[in-house]
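> One file: start.txt (compact mmCIF, C-alpha atoms).
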```txt
# COMPACT_ATOMS: atom_id res chain seq x y z
CA MET Q 27 -96.82 33.54 34.77
CA PRO Q 28 -93.40 31.88 34.19
CA ASP Q 29 -93.39 28.14 33.50
CA ASP Q 30 -91.82 26.73 36.67
CA THR Q 31 -92.04 23.19 35.29
CA LYS Q 32 -89.17 23.86 32.86
CA ARG Q 33 -85.84 24.80 34.38
CA HIS Q 34 -82.22 24.84 33.26
CA MET Q 35 -79.73 23.16 35.53
CA GLN Q 36 -77.42 25.48 37.47
CA PRO Q 37 -74.24 23.53 38.23
CA ILE Q 38 -72.31 26.54 39.57
CA ALA Q 39 -75.03 27.32 42.11
CA ALA Q 40 -75.17 23.62 43.06
CA TYR Q 41 -71.37 23.48 43.48
CA ARG Q 42 -71.36 26.51 45.77
CA ALA Q 43 -74.20 25.10 47.85
CA LEU Q 44 -72.49 21.70 48.03
CA ARG Q 45 -69.28 23.29 49.33
CA ALA Q 46 -71.26 25.20 51.95
CA LEU Q 47 -73.11 22.02 52.96
CA LEU Q 48 -69.89 20.04 53.34
CA LYS Q 49 -68.51 22.75 55.61
CA ASP Q 50 -71.69 22.86 57.68
CA PRO Q 51 -74.03 19.83 57.31
CA ASP Q 52 -76.67 21.59 59.44
CA LYS Q 53 -77.30 24.21 56.72
CA THR Q 54 -80.50 22.55 55.49
CA GLU Q 55 -81.25 25.37 53.06
CA GLU Q 56 -78.20 24.33 51.00
CA VAL Q 57 -79.81 20.93 50.38
CA PHE Q 58 -82.83 22.60 48.80
CA ILE Q 59 -80.58 24.84 46.70
CA ILE Q 60 -78.68 21.82 45.34
CA ILE Q 61 -81.87 19.92 44.59
CA ARG Q 62 -83.45 22.92 42.89
CA ALA Q 63 -80.30 23.84 40.95
CA MET Q 64 -79.81 20.37 39.52
CA SER Q 65 -83.39 19.13 39.26
CA GLY Q 66 -83.86 20.32 35.70
CA ASN Q 67 -87.35 19.30 34.60
CA SER Q 68 -87.71 16.49 37.15
CA LEU Q 69 -89.94 18.46 39.54
CA GLY Q 70 -92.15 19.56 36.66
CA ASN Q 71 -92.29 16.06 35.22
CA CYS Q 72 -93.31 14.58 38.57
CA TYR Q 73 -95.91 17.30 39.03
CA LYS Q 74 -97.41 16.53 35.60
CA GLN Q 75 -97.51 12.84 36.50
CA PHE Q 76 -99.06 13.71 39.89
CA ARG Q 77 -101.89 15.80 38.47
CA LYS Q 78 -102.92 12.96 36.16
CA THR Q 79 -103.59 10.62 39.09
CA ARG Q 80 -106.92 10.39 40.90
CA VAL Q 81 -105.37 11.35 44.23
CA GLY Q 82 -103.40 14.17 42.64
CA LYS Q 83 -106.50 15.65 41.06
CA GLU Q 84 -108.35 15.53 44.39
CA ILE Q 85 -105.49 17.16 46.30
CA LEU Q 86 -105.07 19.98 43.79
CA ALA Q 87 -108.84 20.61 43.61
CA GLU Q 88 -109.12 20.73 47.39
CA LYS Q 89 -105.86 22.69 47.75
CA ARG Q 90 -105.07 20.20 50.47
CA GLN Q 91 -102.10 20.90 52.76
CA LEU Q 92 -100.41 17.82 54.18
CA LEU Q 93 -98.41 19.92 56.62
CA SER Q 94 -101.48 21.02 58.57
CA VAL Q 95 -102.42 17.37 59.16
CA LEU Q 96 -98.90 16.41 60.22
CA GLN Q 97 -98.72 19.32 62.65
CA ASP Q 98 -101.90 18.26 64.47
CA ARG Q 99 -100.14 16.28 67.17
CA THR Q 100 -103.29 15.93 69.28
CA LYS Q 101 -105.10 14.14 66.47
CA LEU Q 102 -102.08 11.97 65.68
CA ALA Q 103 -101.78 11.01 69.34
CA GLY Q 104 -105.38 9.77 69.26
CA LEU Q 105 -104.64 7.18 66.58
CA SER Q 106 -103.87 3.54 67.39
CA ALA Q 107 -100.35 2.72 68.55
CA GLU Q 108 -99.55 0.74 65.40
CA SER Q 109 -100.91 3.31 62.94
CA LEU Q 110 -98.64 5.18 60.57
CA GLY Q 111 -99.78 8.46 62.10
CA ARG Q 112 -98.86 7.42 65.64
CA ARG Q 113 -95.54 5.99 64.50
CA TYR Q 114 -94.86 9.27 62.71
CA LEU Q 115 -95.66 11.23 65.86
CA ASP Q 116 -93.36 9.00 67.94
CA PHE Q 117 -90.63 9.51 65.34
CA ILE Q 118 -90.75 13.32 65.20
CA GLU Q 119 -90.98 13.61 68.99
CA ARG Q 120 -88.06 11.24 69.48
CA GLU Q 121 -85.98 13.09 66.91
CA GLY Q 122 -87.05 16.56 68.05
CA ILE Q 123 -88.31 17.50 64.58
CA TYR Q 124 -90.08 20.79 64.07
CA ALA Q 125 -91.52 21.29 60.58
CA LYS Q 126 -91.24 25.09 60.59
CA GLY Q 127 -87.46 25.05 60.22
CA LEU Q 128 -87.72 22.86 57.14
CA VAL Q 129 -90.47 25.06 55.72
CA ASP Q 130 -88.45 28.23 56.24
CA ALA Q 131 -85.35 26.71 54.62
CA SER Q 132 -87.24 25.53 51.55
CA ASP Q 133 -89.17 28.79 51.17
CA GLU Q 134 -85.91 30.73 50.98
CA ALA Q 135 -84.29 28.32 48.54
CA ILE Q 136 -87.16 27.35 46.24
CA PRO Q 137 -89.28 30.23 44.91
CA ILE Q 138 -92.18 28.82 42.86
CA SER Q 139 -94.85 31.08 41.38
CA ASN Q 140 -97.22 28.41 39.98
CA PRO Q 141 -99.59 27.72 42.92
CA GLU Q 142 -100.37 24.11 41.98
CA LEU Q 143 -96.71 23.25 41.40
CA ARG Q 144 -95.85 24.92 44.69
CA LEU Q 145 -98.50 22.85 46.47
CA TYR Q 146 -97.02 19.68 44.97
CA ALA Q 147 -93.44 20.71 45.87
CA GLU Q 148 -94.48 21.53 49.44
CA ARG Q 149 -96.35 18.24 49.75
CA THR Q 150 -93.32 16.21 48.67
CA ARG Q 151 -91.17 18.20 51.11
CA ASP Q 152 -93.59 17.59 53.97
CA MET Q 153 -93.82 13.84 53.38
CA HIS Q 154 -90.05 13.34 53.75
CA ASP Q 155 -90.23 12.23 57.38
CA LEU Q 156 -93.19 9.98 56.58
CA TRP Q 157 -90.87 8.24 54.14
CA HIS Q 158 -88.36 7.77 56.96
CA VAL Q 159 -91.04 6.05 59.02
CA ILE Q 160 -92.41 3.71 56.37
CA THR Q 161 -89.01 2.74 54.92
CA GLY Q 162 -87.32 2.23 58.29
CA TYR Q 163 -84.35 4.46 57.47
CA GLY Q 164 -83.24 6.55 60.43
CA ARG Q 165 -82.25 10.21 60.52
CA ASP Q 166 -78.60 9.33 61.11
CA THR Q 167 -76.35 10.32 58.21
CA PHE Q 168 -76.26 6.75 56.93
CA GLY Q 169 -80.05 6.44 57.04
CA GLU Q 170 -80.49 9.77 55.28
CA ALA Q 171 -78.15 8.64 52.51
CA CYS Q 172 -80.12 5.42 52.00
CA LEU Q 173 -83.38 7.36 51.93
CA LEU Q 174 -81.89 9.74 49.36
CA ALA Q 175 -81.11 6.73 47.16
CA PHE Q 176 -84.71 5.57 47.61
CA THR Q 177 -85.98 9.08 46.83
CA TYR Q 178 -83.86 9.37 43.69
CA ALA Q 179 -85.41 6.16 42.38
CA GLN Q 180 -88.86 7.65 43.00
CA THR Q 181 -88.26 11.15 41.59
CA ARG Q 182 -85.23 10.96 39.26
CA ASN Q 183 -84.17 14.33 40.66
CA ARG Q 184 -80.48 14.77 39.79
CA GLY Q 185 -79.99 17.08 42.77
CA VAL Q 186 -81.10 14.30 45.11
CA GLY Q 187 -78.84 11.87 43.24
CA ILE Q 188 -75.82 14.17 43.61
CA ILE Q 189 -76.31 14.54 47.36
CA ALA Q 190 -76.74 10.76 47.67
CA LEU Q 191 -73.52 10.15 45.71
CA VAL Q 192 -71.55 12.62 47.82
CA GLY Q 193 -72.99 10.96 50.91
CA PHE Q 194 -71.86 7.56 49.65
CA PHE Q 195 -68.21 8.59 49.23
CA LYS Q 196 -68.18 10.40 52.58
CA LEU Q 197 -69.77 7.50 54.46
CA ARG Q 198 -67.64 4.84 52.79
CA LYS Q 199 -64.58 6.70 54.05
CA GLU Q 200 -66.03 7.10 57.54
CA ILE Q 201 -67.70 3.76 58.24
CA GLY Q 202 -66.25 1.38 55.67
CA SER Q 203 -67.87 -1.44 53.74
CA GLY Q 204 -71.59 -2.03 53.54
CA VAL Q 205 -72.57 1.52 52.63
CA GLY Q 206 -72.86 0.86 48.92
CA ARG Q 207 -74.90 -2.32 49.38
CA ALA Q 208 -77.32 -0.58 51.73
CA MET Q 209 -77.76 2.42 49.45
CA TRP Q 210 -78.20 0.20 46.41
CA GLN Q 211 -80.89 -1.74 48.27
CA GLY Q 212 -82.57 1.60 49.03
CA TYR Q 213 -82.47 2.57 45.38
CA GLN Q 214 -83.91 -0.76 44.26
CA ALA Q 215 -86.61 -0.55 46.94
CA GLY Q 216 -87.56 2.89 45.62
CA ARG Q 217 -87.92 1.50 42.12
CA ARG Q 218 -90.14 -1.38 43.24
CA ALA Q 219 -92.36 0.62 45.59
CA SER Q 220 -95.56 2.37 44.55
CA TRP Q 221 -95.09 5.99 43.52
CA LEU Q 222 -95.22 7.67 46.92
CA PRO Q 223 -95.80 11.33 45.86
CA ALA Q 224 -99.29 10.39 44.60
CA GLN Q 225 -100.46 8.57 47.72
CA ASP Q 226 -103.29 9.78 49.93
CA TRP Q 227 -101.19 10.20 53.07
CA GLU Q 228 -104.03 11.79 55.01
CA LYS Q 229 -105.94 8.49 54.80
CA LEU Q 230 -102.88 6.27 55.17
CA LEU Q 231 -102.02 7.87 58.52
CA CYS Q 232 -104.98 6.03 60.06
CA LEU Q 233 -103.91 2.58 58.85
CA SER Q 234 -101.44 0.28 60.59
CA ILE Q 235 -97.90 0.81 59.42
CA ARG Q 236 -97.75 -2.86 58.42
CA GLU Q 237 -100.76 -2.40 56.13
CA VAL Q 238 -99.31 0.77 54.60
CA ARG Q 239 -96.05 -0.99 53.83
CA ARG Q 240 -97.96 -3.87 52.26
CA GLN Q 241 -100.11 -1.57 50.13
CA LEU Q 242 -97.14 0.47 48.92
CA ASN Q 243 -94.79 -2.50 48.48
CA ILE Q 244 -92.18 -1.14 50.90
CA GLU Q 245 -89.33 -3.56 51.58
CA GLU Q 246 -87.43 -4.07 54.83
CA PRO Q 247 -84.09 -2.17 54.81
CA THR Q 248 -82.15 -5.25 55.88
CA LYS Q 249 -78.68 -4.12 54.75
CA TYR Q 250 -79.03 -0.73 56.42
CA SER Q 251 -80.32 -2.32 59.62
CA THR Q 252 -77.48 -4.85 59.73
CA LYS Q 253 -74.79 -2.20 59.19
CA PHE Q 254 -76.41 0.23 61.62
CA THR Q 255 -76.55 -2.46 64.34
CA GLU Q 256 -72.91 -3.32 63.67
CA MET Q 257 -71.91 0.36 64.04
CA ARG Q 258 -73.92 0.75 67.26
CA ASN Q 259 -72.37 -2.38 68.78
CA LEU Q 260 -68.86 -1.17 67.95
CA ALA Q 261 -69.60 2.23 69.48
CA ALA Q 262 -70.74 0.53 72.68
CA ILE Q 263 -67.46 -1.35 73.15
```
Now that the file is in, can you turn its structure into structure tokens?


Amino acid sequence: MPDDTKRHMQPIAAYRALRALLKDPDKTEEVFIIIRAMSGNSLGNCYKQFRKTRVGKEILAEKRQLLSVLQDRTKLAGLSAESLGRRYLDFIEREGIYAKGLVDASDEAIPISNPELRLYAERTRDMHDLWHVITGYGRDTFGEACLLAFTYAQTRNRGVGIIALVGFFKLRKEIGSGVGRAMWQGYQAGRRASWLPAQDWEKLLCLSIREVRRQLNIEEPTKYSTKFTEMRNLAAI
């Protein structure tokens, strides 16, 4: 079996995918291609770190699939209104998110033969929208860019860093000052937070979102919130 944890970077493939993404931002599969092409050993390094943790060992032994839990909307709806799980459900319903599209895009772009590494990669993919909920960053382009900065601090994936950097220059041109400060705050928050890939999200879904943020040391995205409110107020004029 090939060692999927060790990969050479593919800048040409990343460049082509980046051009395609800039032409059509809705081509989600290009995001996965860029991340995979420029990740180098970062995915493998995170996976090795993950499998050394208590939670990581349990998840790999149980072959646990986070996606199946997140897709059980009936169970999520039965949780308390202030729980992470209920807040997540409210978020995906409000945003019209359907996990299958994301799964299909990543499956096409990221072939992984090692079953445990694939489970880890899929788990980190599936927790992306949970990260939106606990960090407070929205799915608007600005919020996504801030979350990418947060994610880069957590994973050190160069592909994520490249997309975040491109997003910074694009957003600075479109919405002006405040972008850099908000993204830098996101990056610093990612550094200070607990390592989110190794958290037991299945259990955390039942806790209040306030308690989850306290446990994981998640900071309020004040600079993003201030800039986002400013943009919304200007749009309303």

> Between atom CA of Phe76 of chain Q and atom CA of Arg99 of chain Q, what is the distance in Å, rounded to a tenth?

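Value for the atom CA of Phe76 of chain Q-atom CA of Arg99 of chain Q distance: 27.4 Å.
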
> Measure the distance from atom CA of Leu92 of chain Q to atom CA of Thr177 of chain Q in Å and round it to one decimal.

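Value for the atom CA of Leu92 of chain Q-atom CA of Thr177 of chain Q distance: 18.4 Å.
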
> If you count all atoms listed in the file, which residues fall within 12 Å of segment 232-246 of chain Q, apart from same-chain ones fewer than 3 positions away, as a PyMOL selection string?

chain Q and resi 95+101-114+156-163+176+208+211-229+249-252

> Rounded to one decimal place, report the atom CA of Phe254 of chain Q-atom CA of Glu170 of chain Q distance in Å.

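Separation between atom CA of Phe254 of chain Q and atom CA of Glu170 of chain Q: 12.2 Å.
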
> Between Q:Arg45, Q:Arg184, Q:Arg90, Q:Lys83, which has the minimum distance to Leu69 of chain Q (counting only C-alpha atoms)?

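Smallest separation from Leu69 of chain Q among the options: Q:Arg184.
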
> Could you check which of Q:Lys199, Q:Arg165, Q:Arg77, Q:Arg120 is closest to Tyr146 of chain Q, using only C-alpha atoms?

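Ranking Q:Lys199, Q:Arg165, Q:Arg77, Q:Arg120 by distance to Tyr146 of chain Q, first place goes to Q:Arg77.
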
> Just checking: using all atoms listed in the file, which residue out of Q:Leu93, Q:Arg62, Q:Arg42, Q:Asp98 ends up closest to His154 of chain Q?

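Checking each of Q:Leu93, Q:Arg62, Q:Arg42, Q:Asp98 against His154 of chain Q, counting all atoms listed in the file, the winner is Q:Leu93.
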
> I'd like the contact shell of Glu148 of chain Q - 9 Å cut-off, only C-alpha atoms, skipping same-chain residues fewer than 3 positions apart - returned as a list in words.

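Near Glu148 of chain Q, the qualifying residues are Gln91, Leu92, Leu93, Val129, Ser132, Leu143, Arg144, Leu145, Arg151, Asp152 and Met153 of chain Q.
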
> Pick out the closest residue to Tyr124 of chain Q from this set: Q:Leu96, Q:Ile85, Q:Ile138, Q:Val186. Count all atoms listed in the file.

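Going through Q:Leu96, Q:Ile85, Q:Ile138, Q:Val186 one by one, the smallest distance to Tyr124 of chain Q is for Q:Leu96.
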
> Considering all atoms listed in the file, state which residue in the set Q:Asn140, Q:Gly185, Q:Lys253, Q:Lys78 is at the smallest distance from Gly206 of chain Q.

Q:Lys253

> Would you mind listing what lies within 9 Å of Val205 of chain Q as a count of residues only, with only C-alpha atoms counted and same-chain residues fewer than 3 positions away left out?

14

> Using all atoms listed in the file, which residue out of Q:Ala46, Q:Ala147, Q:Leu86, Q:Cys72 lies closest to Tyr178 of chain Q?

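With all atoms listed in the file as the atom set, the closest residue is Q:Cys72.
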